[in-house]
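Notes for the one structure printed next.
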Amino acid sequence: MILLSLCSIFSSLFVYVTGGKLPEPEVKIEVIHKPFVCYRKSKYGDMLLVHFEGFLESNGTMFHSSRHHGENNPVWFTLGIREVLQGWDKGLQDVCAGERRKLTIPPSLAYGKEGKGKIPPGSTLIFDIEVMEIQNGPRSHESFQEMDLNDDWKLSRLEVKEYLRKEFERHGYSANDTHHEVMVDDIFIKEDEDNDGFISAREFTYKHDEL
């Protein structure tokens with residue numbers, strides 16, 4: 001009972017000293033390999049193509065590998081919009097194409113207290129990630145101009161769908177109209193703020209607080 005009271009006092013004192021905020025959890029970053037020449041560094045909104053292997057820190061068990069599981073393909077994702085674990089968003093900033101990093105991610109930036117699939121609750125995870133390619137992401141002005149086929153400074157559903165089709169084909173994936181329609185629906189639900197059936201340049205490039 002006394003021990004619990006002391007813990008409560010120290011906890012309250014810590015919160016008071018730090019201004020009422022607990023320190024944010026950090027991702028431990030270890031650079032395993034860095035290319036001699038770095039033409040660009042990643043930033044929020046960029047699209048990254050990566051190969052990765054994930055391990056449980058507790059016992060070293062590999063729970064997934066993009067090279068050995070599934071279709072053995074590298075994975076595309078957009079940095080900073082929570083398409084992936086928060087630990088990836090934090091740990092893959094300012095990375096170069098060709099760079100390889102080891103990320104040690106605490107549970108709060110991974111799958112938390114709940115866990116997921118093969119990952120037990122409260123697990124610290126280790127990822128070995130190799131960045132194959134970096135491209136302008138969907139929130140860059142360059143990408144908007146590429147998608148805006150008729151230069152009217154707004155994106156129609158047809159323009160977004162055509163962009164998705166080209167991107168899938170460019171990276172060797174077969175076109176799937178049904179899948180693309182679902183993706184377009186999701187994009188417009190999230191991005192078409194005024195529900196006018198178009199995504200304006202402002203809606204497209206504005207970084208929402210929740211992203």
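In the structure tokens, chains take letters A, B, ... by order of appearance, with residues numbered from 1 within each chain and ligands from 1 in the order shown.
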
Legend entry - Residue set, segment 7-210 of chain A restricted to alpha helix (DSSP H), as a count of residues only: 58

Inset, instruction - DSSP on the backbone, then: every residue of segment 87-167 of chain A marked strand (DSSP E), written as a ChimeraX atom specification. - result: /A:100-105,125-135,154-155

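Here atom CA of His64 of chain A is placed at a distance of 29.2 Å from atom CA of Phe36 of chain A.
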
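Comparing the minimum interatomic distances between Glu130 of chain A and each of A:Gly98, A:Gly70, A:Gly45, A:Gly54, counting only C-alpha atoms, we find that A:Gly98 sits nearest.
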
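With only C-alpha atoms as the atoms that count, the residue of A:Glu191, A:Glu57, A:Glu99, A:Glu83 with the shortest distance to Gly122 of chain A is A:Glu57.
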
Legend entry - Who sits within 7 Å of Gly91 of chain A, only C-alpha atoms, same chain under 6 positions skipped, as a ChimeraX atom specification: /A:27,29,103

Could you dump the residues just selected with C-alpha atoms as a PDB file, in the first residue's frame?
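The result, stored in selection_27.pdb:
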ATOM      1  CA  VAL A  27      11.873   4.924 -32.217  1.00  0.00           C
ATOM      2  CA  ILE A  29      17.077   4.103 -35.396  1.00  0.00           C
ATOM      3  CA  LEU A 103      14.006   0.339 -36.339  1.00  0.00           C
TER       4      LEU A 103
END

Inset, instruction - Would you please work out which residue, of A:Met147, A:Val31, A:Val182, A:Ala97, is nearest to Phe204 of chain A when using only C-alpha atoms? - result: A:Met147

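The two atoms in question, atom CA of Lys90 of chain A and atom CA of Ile126 of chain A, are spaced 13.8 Å apart.
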
Inset, instruction - Pick out the residues sitting within 8 Å of Leu92 of chain A, and hand them over as a PyMOL selection string; count only C-alpha atoms, and ignore anything fewer than 3 positions along from it in its own chain. - result: chain A and resi 42+79+88-89+95

Inset, instruction - State, in Å with one decimal place, the distance from atom CA of Leu164 of chain A to atom CA of Asp151 of chain A. - result: 17.9 Å

Could you list, as a PDB file with C-alpha atoms, in the first residue's frame, every residue within 8 Å of segment 193-200 of chain A, counting only C-alpha atoms and ignoring same-chain residues fewer than 5 positions away?
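Wrote it out as out.pdb, contents follow:
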ATOM      1  CA  TRP A 153      -7.077  22.664 -60.939  1.00  0.00           C
ATOM      2  CA  LYS A 154      -9.456  20.011 -59.658  1.00  0.00           C
ATOM      3  CA  LEU A 155      -9.510  16.236 -59.851  1.00  0.00           C
ATOM      4  CA  SER A 156     -12.462  14.240 -61.089  1.00  0.00           C
ATOM      5  CA  ARG A 157     -13.119  10.618 -60.186  1.00  0.00           C
ATOM      6  CA  PHE A 188     -13.162  11.007 -52.252  1.00  0.00           C
TER       7      PHE A 188
END

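Residue neighbourhood of Asp94 of chain A, excluding near-sequence residues (fewer than 6 positions): Arg40, Lys41, Ser42 and Lys43 of chain A, at 9 Å, using only C-alpha atoms.
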
All heavy atoms of the current selection, written as a PDB file, in the first residue's frame:
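Final output, saved to selection_2.pdb:
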ATOM      1  N   ARG A  40      17.970  12.508 -52.778  1.00  0.00           N
ATOM      2  CA  ARG A  40      16.883  13.154 -52.056  1.00  0.00           C
ATOM      3  C   ARG A  40      16.623  12.392 -50.771  1.00  0.00           C
ATOM      4  O   ARG A  40      16.895  11.196 -50.681  1.00  0.00           O
ATOM      5  CB  ARG A  40      15.598  13.230 -52.894  1.00  0.00           C
ATOM      6  CG  ARG A  40      14.974  11.873 -53.182  1.00  0.00           C
ATOM      7  CD  ARG A  40      13.710  11.989 -54.016  1.00  0.00           C
ATOM      8  NE  ARG A  40      12.600  12.553 -53.268  1.00  0.00           N
ATOM      9  CZ  ARG A  40      11.390  12.736 -53.807  1.00  0.00           C
ATOM     10  NH1 ARG A  40      11.160  12.418 -55.070  1.00  0.00           N
ATOM     11  NH2 ARG A  40      10.417  13.246 -53.081  1.00  0.00           N
ATOM     12  N   LYS A  41      16.129  13.103 -49.775  1.00  0.00           N
ATOM     13  CA  LYS A  41      15.757  12.474 -48.516  1.00  0.00           C
ATOM     14  C   LYS A  41      14.235  12.492 -48.385  1.00  0.00           C
ATOM     15  O   LYS A  41      13.574  13.421 -48.840  1.00  0.00           O
ATOM     16  CB  LYS A  41      16.402  13.187 -47.335  1.00  0.00           C
ATOM     17  CG  LYS A  41      17.911  13.016 -47.269  1.00  0.00           C
ATOM     18  CD  LYS A  41      18.483  13.618 -45.997  1.00  0.00           C
ATOM     19  CE  LYS A  41      19.977  13.353 -45.886  1.00  0.00           C
ATOM     20  NZ  LYS A  41      20.531  13.895 -44.619  1.00  0.00           N
ATOM     21  N   SER A  42      13.713  11.463 -47.753  1.00  0.00           N
ATOM     22  CA  SER A  42      12.267  11.338 -47.627  1.00  0.00           C
ATOM     23  C   SER A  42      11.691  12.413 -46.717  1.00  0.00           C
ATOM     24  O   SER A  42      12.347  12.878 -45.783  1.00  0.00           O
ATOM     25  CB  SER A  42      11.913   9.955 -47.079  1.00  0.00           C
ATOM     26  OG  SER A  42      12.430   9.808 -45.765  1.00  0.00           O
ATOM     27  N   LYS A  43      10.453  12.778 -47.005  1.00  0.00           N
ATOM     28  CA  LYS A  43       9.707  13.726 -46.181  1.00  0.00           C
ATOM     29  C   LYS A  43       8.267  13.260 -46.120  1.00  0.00           C
ATOM     30  O   LYS A  43       7.837  12.426 -46.934  1.00  0.00           O
ATOM     31  CB  LYS A  43       9.799  15.142 -46.759  1.00  0.00           C
ATOM     32  CG  LYS A  43       9.171  15.295 -48.126  1.00  0.00           C
ATOM     33  CD  LYS A  43       9.336  16.699 -48.670  1.00  0.00           C
ATOM     34  CE  LYS A  43       8.617  16.885 -50.000  1.00  0.00           C
ATOM     35  NZ  LYS A  43       9.050  15.939 -51.041  1.00  0.00           N
TER      36      LYS A  43
END

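Residues in contact with Ile134 of chain A at 8 Å, where only C-alpha atoms are counted and same-chain residues fewer than 5 positions away are skipped, are listed as Ser42, Asp46, Met47, Leu48, Leu49, Cys96 and Ala97 of chain A.
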